[in-house]
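Here is the structure we will look at, set down as structure tokens.
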Amino acid sequence: MKMSRTFKDIELINRQGDITKQPDIAVIVNAANAQLRAGGGVAGAIHRAAGAELEREAVPHGPISPGEAVITKAYNLPNQFVIHCLGPVYGRDKPEEMYLANCYRNALKLADKYELDSIAFPAISTGIFGYPVKEAASVAYQAILETLDDLKTVKKVCFVLFGEDDFKVHEEVLSRLKP
Ligand code: AR6
């Protein structure tokens with residue numbers, strides 16, 4: 001079952017799949033490293049799909065701090081832009097929930113500043129950085145809800161989850177959100 005919920009005229013949805021294959025989305029978010037280099041995980045996949053020019057544009061913007069977001073072009077990806085966010089390393093960058101929430105807030109505001117209508121997030125920090133996925137999903141959705149009032153052009157906010165379990169967790173958290 002796939003859910004879609006609308007809050008303040010903005011649609012929130014979860015998809016299971018690969019974030020590099022979302023042609024209907026204007027900007028995808030990268031769970032980056034501080035140096036904005038290709039790296040592994042979802043960042044590696046995004047850089048591979050975009051091509052080497054992405055790293056050439058991104059690296060001079062680094063290093064970034066936990067919670068920060070920077071925007072680049074998307075090159076060979078089917079999107080207009082990529083927003084690179086540095087999530088917190090769980091157990092090290094404290095308070096983790098503040099840094100993680102800042103990623104979502106800053107990415108949404110940046111997408112809106114660029115007058116984009118749709119944004120897709122991976123589950124930032126829940127891979128190599130070790131953030132438990134259910135906790136991360138709650139923090140993320142709360143931060144998204146709190147930012148909706150500030151958005152003028154963004155009308156669709158999407159999570160793209162690689163694994164089925166991560167997808168189910170996000171569906172559960174989305175189903176319980178209270179406006
Ligand atoms: N599409 C969607 N989600 C994906 C994809 C994909 N193609 N590939 C992986 N994921 P991670 P982090 C999921 O480790 O924890 C990198 O090396 C993955 O299953 O990519 O923020 C960077 O360079 C997991 O649920 O990001 C940093 O050094 C989620 O994306 C560091 O890892 C995030 O996992 C960042 O670690």
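Chain labels A, B, ... are given in the sequence in which chains occur in the structure tokens; within each chain residues are numbered consecutively from 1, and ligands are likewise numbered from 1 in the order shown.
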
Could you give me, as JSON lines, every chain A residue with an atom at most 9 Å from ligand 1, plus its closest atom pair and distance in Å to one decimal, counting only C-alpha atoms and all ligand atoms, rows ordered by chain then number?
{"residue": "A:Gln16", "atom": "CA", "partner": "ligand 1", "partner_atom_place_in_ligand_line": "2 (C)", "distance": 8.1}
{"residue": "A:Gly17", "atom": "CA", "partner": "ligand 1", "partner_atom_place_in_ligand_line": "1 (N)", "distance": 6.2}
{"residue": "A:Asp18", "atom": "CA", "partner": "ligand 1", "partner_atom_place_in_ligand_line": "1 (N)", "distance": 3.7}
{"residue": "A:Ile19", "atom": "CA", "partner": "ligand 1", "partner_atom_place_in_ligand_line": "1 (N)", "distance": 3.9}
{"residue": "A:Thr20", "atom": "CA", "partner": "ligand 1", "partner_atom_place_in_ligand_line": "7 (N)", "distance": 5.9}
{"residue": "A:Lys21", "atom": "CA", "partner": "ligand 1", "partner_atom_place_in_ligand_line": "1 (N)", "distance": 8.2}
{"residue": "A:Asn30", "atom": "CA", "partner": "ligand 1", "partner_atom_place_in_ligand_line": "20 (O)", "distance": 8.1}
{"residue": "A:Ala31", "atom": "CA", "partner": "ligand 1", "partner_atom_place_in_ligand_line": "21 (O)", "distance": 4.5}
{"residue": "A:Ala32", "atom": "CA", "partner": "ligand 1", "partner_atom_place_in_ligand_line": "22 (C)", "distance": 4.7}
{"residue": "A:Asn33", "atom": "CA", "partner": "ligand 1", "partner_atom_place_in_ligand_line": "27 (C)", "distance": 4.0}
{"residue": "A:Ala34", "atom": "CA", "partner": "ligand 1", "partner_atom_place_in_ligand_line": "28 (O)", "distance": 7.4}
{"residue": "A:Gln35", "atom": "CA", "partner": "ligand 1", "partner_atom_place_in_ligand_line": "23 (O)", "distance": 8.4}
{"residue": "A:Leu36", "atom": "CA", "partner": "ligand 1", "partner_atom_place_in_ligand_line": "23 (O)", "distance": 7.4}
{"residue": "A:Arg37", "atom": "CA", "partner": "ligand 1", "partner_atom_place_in_ligand_line": "23 (O)", "distance": 6.6}
{"residue": "A:Ala38", "atom": "CA", "partner": "ligand 1", "partner_atom_place_in_ligand_line": "23 (O)", "distance": 6.0}
{"residue": "A:Gly39", "atom": "CA", "partner": "ligand 1", "partner_atom_place_in_ligand_line": "23 (O)", "distance": 3.7}
{"residue": "A:Gly40", "atom": "CA", "partner": "ligand 1", "partner_atom_place_in_ligand_line": "17 (O)", "distance": 3.5}
{"residue": "A:Gly41", "atom": "CA", "partner": "ligand 1", "partner_atom_place_in_ligand_line": "20 (O)", "distance": 3.4}
{"residue": "A:Val42", "atom": "CA", "partner": "ligand 1", "partner_atom_place_in_ligand_line": "8 (N)", "distance": 3.6}
{"residue": "A:Ala43", "atom": "CA", "partner": "ligand 1", "partner_atom_place_in_ligand_line": "23 (O)", "distance": 5.3}
{"residue": "A:Gly44", "atom": "CA", "partner": "ligand 1", "partner_atom_place_in_ligand_line": "17 (O)", "distance": 6.7}
{"residue": "A:Ala45", "atom": "CA", "partner": "ligand 1", "partner_atom_place_in_ligand_line": "7 (N)", "distance": 5.3}
{"residue": "A:Ile46", "atom": "CA", "partner": "ligand 1", "partner_atom_place_in_ligand_line": "7 (N)", "distance": 6.9}
{"residue": "A:Cys85", "atom": "CA", "partner": "ligand 1", "partner_atom_place_in_ligand_line": "21 (O)", "distance": 8.4}
{"residue": "A:Leu86", "atom": "CA", "partner": "ligand 1", "partner_atom_place_in_ligand_line": "21 (O)", "distance": 7.0}
{"residue": "A:Gly87", "atom": "CA", "partner": "ligand 1", "partner_atom_place_in_ligand_line": "21 (O)", "distance": 5.4}
{"residue": "A:Pro88", "atom": "CA", "partner": "ligand 1", "partner_atom_place_in_ligand_line": "21 (O)", "distance": 7.5}
{"residue": "A:Val89", "atom": "CA", "partner": "ligand 1", "partner_atom_place_in_ligand_line": "15 (O)", "distance": 7.5}
{"residue": "A:Tyr90", "atom": "CA", "partner": "ligand 1", "partner_atom_place_in_ligand_line": "15 (O)", "distance": 8.8}
{"residue": "A:Phe121", "atom": "CA", "partner": "ligand 1", "partner_atom_place_in_ligand_line": "2 (C)", "distance": 8.0}
{"residue": "A:Pro122", "atom": "CA", "partner": "ligand 1", "partner_atom_place_in_ligand_line": "3 (N)", "distance": 5.0}
{"residue": "A:Ala123", "atom": "CA", "partner": "ligand 1", "partner_atom_place_in_ligand_line": "29 (C)", "distance": 4.7}
{"residue": "A:Ile124", "atom": "CA", "partner": "ligand 1", "partner_atom_place_in_ligand_line": "21 (O)", "distance": 4.4}
{"residue": "A:Ser125", "atom": "CA", "partner": "ligand 1", "partner_atom_place_in_ligand_line": "21 (O)", "distance": 3.1}
{"residue": "A:Thr126", "atom": "CA", "partner": "ligand 1", "partner_atom_place_in_ligand_line": "15 (O)", "distance": 4.3}
{"residue": "A:Gly127", "atom": "CA", "partner": "ligand 1", "partner_atom_place_in_ligand_line": "34 (O)", "distance": 3.3}
{"residue": "A:Ile128", "atom": "CA", "partner": "ligand 1", "partner_atom_place_in_ligand_line": "14 (O)", "distance": 3.8}
{"residue": "A:Phe129", "atom": "CA", "partner": "ligand 1", "partner_atom_place_in_ligand_line": "15 (O)", "distance": 3.8}
{"residue": "A:Gly130", "atom": "CA", "partner": "ligand 1", "partner_atom_place_in_ligand_line": "15 (O)", "distance": 5.9}
{"residue": "A:Tyr131", "atom": "CA", "partner": "ligand 1", "partner_atom_place_in_ligand_line": "15 (O)", "distance": 7.0}
{"residue": "A:Val133", "atom": "CA", "partner": "ligand 1", "partner_atom_place_in_ligand_line": "25 (O)", "distance": 7.6}
{"residue": "A:Phe159", "atom": "CA", "partner": "ligand 1", "partner_atom_place_in_ligand_line": "2 (C)", "distance": 8.5}
{"residue": "A:Val160", "atom": "CA", "partner": "ligand 1", "partner_atom_place_in_ligand_line": "2 (C)", "distance": 5.4}
{"residue": "A:Leu161", "atom": "CA", "partner": "ligand 1", "partner_atom_place_in_ligand_line": "3 (N)", "distance": 5.1}
{"residue": "A:Phe162", "atom": "CA", "partner": "ligand 1", "partner_atom_place_in_ligand_line": "3 (N)", "distance": 4.3}
{"residue": "A:Gly163", "atom": "CA", "partner": "ligand 1", "partner_atom_place_in_ligand_line": "19 (O)", "distance": 6.2}
{"residue": "A:Asp166", "atom": "CA", "partner": "ligand 1", "partner_atom_place_in_ligand_line": "25 (O)", "distance": 6.9}

- Query: Given the choices A:Val157, A:Met3, A:Met98, A:Val70, which gets closest to Leu145 in chain A if the distance is worked out from only C-alpha atoms?
  - Reply: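 Result for the nearest residue to Leu145 in chain A: A:Val157.
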
- Item | Residue list (alpha helix (DSSP H), DSSP) for chain A, as a PyMOL selection string | chain A and resi 41-50+52-58+96-113+133-147+164-176

Keeping C-alpha atoms for every residue in the selection just given, could you write it to a file as a PDB file, in the first residue's frame?
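Wrote it out as part.pdb, contents follow:
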ATOM      1  CA  GLY A  41      26.206   4.802  -0.233  1.00  0.00           C
ATOM      2  CA  VAL A  42      23.605   7.036  -1.799  1.00  0.00           C
ATOM      3  CA  ALA A  43      26.241   9.742  -2.427  1.00  0.00           C
ATOM      4  CA  GLY A  44      28.276   7.310  -4.535  1.00  0.00           C
ATOM      5  CA  ALA A  45      25.163   6.354  -6.524  1.00  0.00           C
ATOM      6  CA  ILE A  46      24.223  10.017  -7.122  1.00  0.00           C
ATOM      7  CA  HIS A  47      27.738  10.976  -8.229  1.00  0.00           C
ATOM      8  CA  ARG A  48      27.996   7.941 -10.525  1.00  0.00           C
ATOM      9  CA  ALA A  49      24.682   8.743 -12.185  1.00  0.00           C
ATOM     10  CA  ALA A  50      25.419  12.481 -12.465  1.00  0.00           C
ATOM     11  CA  ALA A  52      32.305  13.581 -12.770  1.00  0.00           C
ATOM     12  CA  GLU A  53      31.204  17.189 -13.277  1.00  0.00           C
ATOM     13  CA  LEU A  54      29.066  16.964 -10.137  1.00  0.00           C
ATOM     14  CA  GLU A  55      32.104  16.474  -7.912  1.00  0.00           C
ATOM     15  CA  ARG A  56      33.981  19.257  -9.717  1.00  0.00           C
ATOM     16  CA  GLU A  57      31.180  21.703  -8.967  1.00  0.00           C
ATOM     17  CA  ALA A  58      30.464  20.461  -5.435  1.00  0.00           C
ATOM     18  CA  GLU A  96      21.795  14.403  16.499  1.00  0.00           C
ATOM     19  CA  GLU A  97      18.104  15.261  16.130  1.00  0.00           C
ATOM     20  CA  MET A  98      18.891  18.979  15.786  1.00  0.00           C
ATOM     21  CA  TYR A  99      21.477  18.402  13.056  1.00  0.00           C
ATOM     22  CA  LEU A 100      19.242  15.942  11.232  1.00  0.00           C
ATOM     23  CA  ALA A 101      16.239  18.296  11.423  1.00  0.00           C
ATOM     24  CA  ASN A 102      18.438  21.133  10.107  1.00  0.00           C
ATOM     25  CA  CYS A 103      19.257  19.047   7.022  1.00  0.00           C
ATOM     26  CA  TYR A 104      15.572  18.720   6.144  1.00  0.00           C
ATOM     27  CA  ARG A 105      14.715  22.365   6.978  1.00  0.00           C
ATOM     28  CA  ASN A 106      17.681  23.786   5.068  1.00  0.00           C
ATOM     29  CA  ALA A 107      17.128  21.544   2.038  1.00  0.00           C
ATOM     30  CA  LEU A 108      13.427  22.472   1.822  1.00  0.00           C
ATOM     31  CA  LYS A 109      14.154  26.191   2.143  1.00  0.00           C
ATOM     32  CA  LEU A 110      16.861  25.985  -0.502  1.00  0.00           C
ATOM     33  CA  ALA A 111      14.526  24.155  -2.917  1.00  0.00           C
ATOM     34  CA  ASP A 112      11.922  26.859  -2.339  1.00  0.00           C
ATOM     35  CA  LYS A 113      14.465  29.650  -2.829  1.00  0.00           C
ATOM     36  CA  VAL A 133      15.858   4.524  10.859  1.00  0.00           C
ATOM     37  CA  LYS A 134      12.653   4.884  12.882  1.00  0.00           C
ATOM     38  CA  GLU A 135      14.083   7.675  15.036  1.00  0.00           C
ATOM     39  CA  ALA A 136      15.454   9.371  11.943  1.00  0.00           C
ATOM     40  CA  ALA A 137      12.111   9.120  10.119  1.00  0.00           C
ATOM     41  CA  SER A 138      10.274  10.731  13.061  1.00  0.00           C
ATOM     42  CA  VAL A 139      12.771  13.594  13.272  1.00  0.00           C
ATOM     43  CA  ALA A 140      12.681  14.068   9.506  1.00  0.00           C
ATOM     44  CA  TYR A 141       8.896  14.158   9.185  1.00  0.00           C
ATOM     45  CA  GLN A 142       8.578  16.491  12.176  1.00  0.00           C
ATOM     46  CA  ALA A 143      11.108  18.883  10.644  1.00  0.00           C
ATOM     47  CA  ILE A 144       9.305  18.719   7.297  1.00  0.00           C
ATOM     48  CA  LEU A 145       5.941  19.500   8.925  1.00  0.00           C
ATOM     49  CA  GLU A 146       7.424  22.454  10.811  1.00  0.00           C
ATOM     50  CA  THR A 147       8.856  23.907   7.598  1.00  0.00           C
ATOM     51  CA  GLU A 164      11.582  -2.455   1.876  1.00  0.00           C
ATOM     52  CA  ASP A 165      11.976  -2.263   5.675  1.00  0.00           C
ATOM     53  CA  ASP A 166      12.982   1.410   5.512  1.00  0.00           C
ATOM     54  CA  PHE A 167      10.019   2.076   3.237  1.00  0.00           C
ATOM     55  CA  LYS A 168       7.611   0.412   5.688  1.00  0.00           C
ATOM     56  CA  VAL A 169       9.004   2.411   8.618  1.00  0.00           C
ATOM     57  CA  HIS A 170       8.484   5.664   6.712  1.00  0.00           C
ATOM     58  CA  GLU A 171       4.943   4.646   5.747  1.00  0.00           C
ATOM     59  CA  GLU A 172       4.167   3.991   9.393  1.00  0.00           C
ATOM     60  CA  VAL A 173       5.608   7.321  10.559  1.00  0.00           C
ATOM     61  CA  LEU A 174       3.771   9.179   7.778  1.00  0.00           C
ATOM     62  CA  SER A 175       0.474   7.487   8.677  1.00  0.00           C
ATOM     63  CA  ARG A 176       0.773   8.700  12.279  1.00  0.00           C
TER      64      ARG A 176
END

- Query: Got a sec to tell me which of chain A DSSP assigns to strand (DSSP E or B), as a PyMOL selection string?
  - Reply: chain A and resi 4-7+10-16+27-31+69-73+81-85+118-121+156-161

- Val154 in chain A proximity check over A:Ile119, A:Val82, A:Ile64, A:Leu77, using only C-alpha atoms: winner is A:Ile119

- Query: In Å, with one decimal, what is the gap from CA of Gln22 in chain A to CA of Asp149 in chain A?
  - Reply: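 Rounded to one decimal, the two atoms are 25.3 Å apart.
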
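The space between CA of Val29 in chain A and CA of Ala120 in chain A spans 6.1 Å.
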
- Note on the structure: Closest of A:Lys94, A:Ile10, A:Ile83, A:Ile28 to Leu151 in chain A, counting only C-alpha atoms, is A:Ile10

- Task: Calculate how many Å separate CA of Leu148 in chain A from CA of Ser4 in chain A, rounding to one decimal.
- Result: 15.6 Å
